[in-house]
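S.K.: Here it is: the structure, laid out below.
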Amino acid sequence: MDIARRLAEAVLYEGRLLYPHLTPAAKDQVRRRFGVLVPPGFTATADHSASVTECLLEGATYAVAHLNVRFLHVRTRCVERAEDDGYWPVQQLRNGHRTYLTFDEATEREVEAVFPVAGLLDAPARVVEVRIPGDRVIEPIASPSGEVVGRLVSEHLPLHAALTVSAERVPGPYGLVRLRARVENTDDWKPLGAPREQALRHSLISAHLIIAVSAGAFVSLLDPPEWARPAVETCRNEHTWPVLVGEPGHRDVVLSSPIILHDHPDISPDRPEGLLDAAGLDELFHLRTLTLTQEESRAADTRAAGFAEAAGDPPPEPAEGAVTDGADGHGTITDGPAGHERRP
């Protein structure tokens with residue numbers, strides 16, 4: 001499970017801190033986002049409201065499935081300047097030697113569910129409701145003389161989602177079980193022509209699913225044994241790709257994510273711990289960080305500011321077999337002594 005978490009954070013969360021200081025420039029206001037599940041009422045873009053994972057288990061008579069739905073929850077951080085008639089939102093506010101900037105942050109969310117597989121067979125689907133309340137925090141900005149010159153308003157909007165889990169026996173002599181999990185945004189928000197940026201505040205960002213079993217084993221959907229191939233071809237996965245994770249040869253954990261990976265992917269051991277989640281954008285982040293002024297670094301969110309201070313020498317080249325990030329944003333895998341890239 002720890003390997004699956006680190007991998008998901010590397011390939012799904014990496015883009016959110018690439019430009020930690022958002023400025024009025026258009027290039028700094030667009031962040032790459034994978035696995036966006038929008039409210040079903042928002043149809044202005046090609047984003048989806050649900051994902052479906054189907055995988056196969058063998059020897060599942062006594063298996064217990066542990067499911068973890070993980071995603072990012074957008075948190076707006078708005079700077080407001082104090083005026084005679086109240087507070088007005090601004091892109092930035094300079095106060096003494098410090099500059100406050102408006103930008104979006106993200107909070108990690110996780111929902112866990114545990115089901116004995118036998119209890120899912122020949123039974124109605126089990127539904128886990130996800131209800132995350134909103135919150136709003138206001139922090140005053142005071143000048144050196146103590147006068148309130150503005151405020152920071154940080155806000156999460158409520159999120160409503162659901163995890164639906166079911167299982168069924170696969171006909172045949174091998175005793176396979178098909179496990180099905182649907183992750184869905186169930187927010188009843190009415191967009192009324194709202195832009196995508198507003199919809200993202202009601203969305204699950206970088207949504208992915210980790211499934212582990214305490215008994216039994218998953219069948220690889222990418223490289224199944226011949227006897228299981230007909231059953232694998234009946235599995236239907238929508239907007240997500242489940243792969244085996246963990247040490248090679250282990251088949252007890254699956255990561256189902258919007259990023260196409262191979263079975264048993266790994267992160268380069270050469271990457272500095274925690275730097276941009278140890279993924280392949282480290283070098284780009286390092287170079288970008290060196291262009292920040294001290295004011296911009298201090299204005300960034302806490303985690304990004306810590307990365308800026310930690311930026312030292314550029315990270316080394318990735319080791320063979322490590323997950324990196326191609327120039328076009330698709331995952332690549334260095335394969336073999338010559339560093340040949342296989343692009344899924």
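Labels used: A, B, ... for chains in the order of the structure tokens, numbers from 1 for residues in each chain, and numbers from 1 for ligands as shown.
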Run DSSP on the backbone and tell me which residues of stretch 85-308 of chain A come out as strand (DSSP E or B); list them as number ranges by chain.
M.R.: A: 86-90, 92-95, 98-101, 103-116, 126-132, 135-142, 148-156, 159-169, 177-185, 204-213, 217-219, 238, 241-244, 253-257, 267
S.K.: For A:Ser203, please output as a VMD selection string all residues within 7 Å (counting only C-alpha atoms; exclusion window: fewer than 2 positions along the same chain).
M.R.: chain A and resid 36 to 39 199 to 201 205
S.K.: Using N, CA, C and O atoms, can you export the residues from the last selection as a PDB file, in the first residue's frame?
M.R.:
```pdb
ATOM      1  N   VAL A  36      -9.833  14.124 -13.347  1.00  0.00           N
ATOM      2  CA  VAL A  36     -10.834  15.055 -12.826  1.00  0.00           C
ATOM      3  C   VAL A  36     -12.222  14.436 -12.953  1.00  0.00           C
ATOM      4  O   VAL A  36     -12.639  14.049 -14.047  1.00  0.00           O
ATOM      5  N   LEU A  37     -12.930  14.337 -11.837  1.00  0.00           N
ATOM      6  CA  LEU A  37     -14.314  13.870 -11.839  1.00  0.00           C
ATOM      7  C   LEU A  37     -15.193  15.056 -11.460  1.00  0.00           C
ATOM      8  O   LEU A  37     -15.212  15.488 -10.302  1.00  0.00           O
ATOM      9  N   VAL A  38     -15.901  15.597 -12.452  1.00  0.00           N
ATOM     10  CA  VAL A  38     -16.697  16.806 -12.257  1.00  0.00           C
ATOM     11  C   VAL A  38     -18.111  16.440 -11.829  1.00  0.00           C
ATOM     12  O   VAL A  38     -18.541  15.286 -11.966  1.00  0.00           O
ATOM     13  N   PRO A  39     -18.870  17.393 -11.307  1.00  0.00           N
ATOM     14  CA  PRO A  39     -20.284  17.132 -11.019  1.00  0.00           C
ATOM     15  C   PRO A  39     -21.009  16.708 -12.295  1.00  0.00           C
ATOM     16  O   PRO A  39     -20.706  17.199 -13.393  1.00  0.00           O
ATOM     17  N   ALA A 199     -15.994  24.798 -11.781  1.00  0.00           N
ATOM     18  CA  ALA A 199     -16.382  23.401 -11.639  1.00  0.00           C
ATOM     19  C   ALA A 199     -15.336  22.592 -10.883  1.00  0.00           C
ATOM     20  O   ALA A 199     -15.668  21.654 -10.147  1.00  0.00           O
ATOM     21  N   LEU A 200     -14.063  22.951 -11.043  1.00  0.00           N
ATOM     22  CA  LEU A 200     -12.999  22.212 -10.371  1.00  0.00           C
ATOM     23  C   LEU A 200     -13.111  22.322  -8.853  1.00  0.00           C
ATOM     24  O   LEU A 200     -12.656  21.430  -8.131  1.00  0.00           O
ATOM     25  N   ARG A 201     -13.707  23.369  -8.373  1.00  0.00           N
ATOM     26  CA  ARG A 201     -13.878  23.516  -6.926  1.00  0.00           C
ATOM     27  C   ARG A 201     -14.895  22.516  -6.377  1.00  0.00           C
ATOM     28  O   ARG A 201     -14.909  22.236  -5.174  1.00  0.00           O
ATOM     29  N   ILE A 205     -10.078  15.858  -7.891  1.00  0.00           N
ATOM     30  CA  ILE A 205      -8.925  16.071  -8.764  1.00  0.00           C
ATOM     31  C   ILE A 205      -7.921  14.936  -8.546  1.00  0.00           C
ATOM     32  O   ILE A 205      -7.671  14.518  -7.418  1.00  0.00           O
TER      33      ILE A 205
END
```
S.K.: Interatomic distance between atom CA of A:Pro242 and atom CA of A:Ala106?
M.R.: 24.5 Å
S.K.: Report as a tab-separated table: every residue of stretch 56-83 of chain A with an atom at most 9 Å from stretch 160-177 of chain A, its closest pair of atoms, and their distance in Å to one decimal, counting only C-alpha atoms, with rows sorted by chain and ascending residue number.
M.R.:
```
residue	atom	partner	partner_atom	distance
A:Leu56	CA	A:Val177	CA	5.6
A:Leu57	CA	A:Val177	CA	5.1
A:Glu58	CA	A:Leu176	CA	4.9
A:Gly59	CA	A:Gly175	CA	7.0
A:Ala60	CA	A:Val177	CA	7.0
A:Thr61	CA	A:Gly175	CA	8.9
A:Val69	CA	A:Leu163	CA	7.9
```
S.K.: Let's have the selection written as a compact mmCIF listing (two decimals), in the first residue's frame, with N, CA, C and O atoms.
M.R.:
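Listed below is the output, out_16.txt:
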```txt
# COMPACT_ATOMS: atom_id res chain seq x y z
N LEU A 56 -9.83 -8.77 -11.74
CA LEU A 56 -10.10 -10.18 -11.49
C LEU A 56 -9.30 -10.69 -10.30
O LEU A 56 -8.12 -10.36 -10.14
N LEU A 57 -9.97 -11.51 -9.48
CA LEU A 57 -9.33 -12.15 -8.33
C LEU A 57 -9.39 -13.65 -8.49
O LEU A 57 -10.41 -14.21 -8.93
N GLU A 58 -8.32 -14.31 -8.11
CA GLU A 58 -8.34 -15.77 -8.03
C GLU A 58 -8.08 -16.18 -6.58
O GLU A 58 -7.42 -15.45 -5.83
N GLY A 59 -8.61 -17.34 -6.20
CA GLY A 59 -8.46 -17.78 -4.82
C GLY A 59 -9.07 -16.82 -3.83
O GLY A 59 -8.51 -16.58 -2.76
N ALA A 60 -10.25 -16.29 -4.16
CA ALA A 60 -10.83 -15.20 -3.37
C ALA A 60 -11.85 -15.67 -2.35
O ALA A 60 -12.59 -14.85 -1.80
N THR A 61 -11.88 -16.97 -2.03
CA THR A 61 -12.89 -17.49 -1.12
C THR A 61 -12.89 -16.77 0.22
O THR A 61 -13.93 -16.44 0.78
N VAL A 69 -10.11 5.29 -1.82
CA VAL A 69 -10.32 6.33 -2.83
C VAL A 69 -9.53 7.56 -2.39
O VAL A 69 -9.70 8.04 -1.27
```
S.K.: Please report the interatomic distance between atom CA of A:Arg77 and atom CA of A:Ile132 in Å with one decimal.
M.R.: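 About the pair atom CA of A:Arg77 and atom CA of A:Ile132: they are 18.5 Å apart.
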S.K.: What's the separation between atom CA of A:Gln92 and atom CA of A:His73, in Å to one decimal place?
M.R.: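 Those two atoms sit 23.1 Å apart.
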S.K.: Show me, as a list in words, the residues that have an atom within 10 Å of A:Pro144 when counting only C-alpha atoms, minus same-chain residues fewer than 6 positions from it.
M.R.: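 So the residues in contact are Asn95, Gly96 and His97 of chain A.
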S.K.: Using only C-alpha atoms, which of A:Gly246, A:Gly146, A:Pro191, A:Gly86 sits nearest A:Met1?
M.R.: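 Result for the nearest residue to A:Met1: A:Gly246.
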S.K.: Select from stretch 82-287 of chain A everything DSSP, run on the backbone, classes as alpha helix (DSSP H), then give the selection as a list of chain:residue names.
M.R.: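 In stretch 82-287 of chain A, DSSP puts these residues in alpha helix (DSSP H): A:Val117, A:Ala118, A:Gly119, A:Leu120, A:Arg196, A:Glu197, A:Gln198, A:Ala199, A:Leu200, A:Arg229, A:Pro230, A:Ala231, A:Val232, A:Asp282, A:Glu283, A:Leu284, A:Phe285, A:His286, A:Leu287.
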S.K.: Within 8 Å of A:Arg81, counting only C-alpha atoms, which residues show up once you throw out same-chain ones fewer than 6 positions away? Write them as a list in words, please.
M.R.: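 Skipping anything fewer than 6 positions along the chain leaves Tyr87, Trp88, Pro89, Val90, Leu93, Val149, Gly150 and Arg151 of chain A.
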S.K.: Counting only C-alpha atoms, what is within 9 Å of A:Ala44, bar same-chain residues fewer than 5 positions away, as a VMD selection string?
M.R.: chain A and resid 193 to 196
S.K.: Applying 7 Å and only C-alpha atoms, which residues near A:Ile138 remain after dropping the ones on its own chain fewer than 4 positions away? List them as a PDB file with all heavy atoms, in the first residue's frame.
M.R.:
```
ATOM      1  N   ARG A 151      -6.931  40.936   3.894  1.00  0.00           N
ATOM      2  CA  ARG A 151      -7.149  39.636   4.526  1.00  0.00           C
ATOM      3  C   ARG A 151      -6.955  38.519   3.512  1.00  0.00           C
ATOM      4  O   ARG A 151      -7.043  38.733   2.301  1.00  0.00           O
ATOM      5  CB  ARG A 151      -8.545  39.555   5.130  1.00  0.00           C
ATOM      6  CG  ARG A 151      -9.683  39.613   4.124  1.00  0.00           C
ATOM      7  CD  ARG A 151     -11.038  39.596   4.822  1.00  0.00           C
ATOM      8  NE  ARG A 151     -12.147  39.532   3.878  1.00  0.00           N
ATOM      9  CZ  ARG A 151     -13.423  39.499   4.224  1.00  0.00           C
ATOM     10  NH1 ARG A 151     -13.775  39.556   5.517  1.00  0.00           N
ATOM     11  NH2 ARG A 151     -14.374  39.413   3.301  1.00  0.00           N
ATOM     12  N   LEU A 152      -6.666  37.316   4.025  1.00  0.00           N
ATOM     13  CA  LEU A 152      -6.592  36.096   3.224  1.00  0.00           C
ATOM     14  C   LEU A 152      -7.843  35.270   3.499  1.00  0.00           C
ATOM     15  O   LEU A 152      -8.159  34.989   4.661  1.00  0.00           O
ATOM     16  CB  LEU A 152      -5.351  35.272   3.591  1.00  0.00           C
ATOM     17  CG  LEU A 152      -3.991  35.791   3.136  1.00  0.00           C
ATOM     18  CD1 LEU A 152      -2.891  34.905   3.718  1.00  0.00           C
ATOM     19  CD2 LEU A 152      -3.911  35.788   1.616  1.00  0.00           C
ATOM     20  N   VAL A 153      -8.535  34.879   2.442  1.00  0.00           N
ATOM     21  CA  VAL A 153      -9.738  34.062   2.583  1.00  0.00           C
ATOM     22  C   VAL A 153      -9.465  32.715   1.909  1.00  0.00           C
ATOM     23  O   VAL A 153      -9.316  32.646   0.687  1.00  0.00           O
ATOM     24  CB  VAL A 153     -10.965  34.740   1.956  1.00  0.00           C
ATOM     25  CG1 VAL A 153     -12.194  33.861   2.145  1.00  0.00           C
ATOM     26  CG2 VAL A 153     -11.189  36.121   2.565  1.00  0.00           C
ATOM     27  N   SER A 154      -9.376  31.661   2.702  1.00  0.00           N
ATOM     28  CA  SER A 154      -9.141  30.310   2.187  1.00  0.00           C
ATOM     29  C   SER A 154     -10.420  29.499   2.330  1.00  0.00           C
ATOM     30  O   SER A 154     -11.058  29.525   3.394  1.00  0.00           O
ATOM     31  CB  SER A 154      -8.001  29.629   2.950  1.00  0.00           C
ATOM     32  OG  SER A 154      -6.801  30.378   2.833  1.00  0.00           O
TER      33      SER A 154
END
```
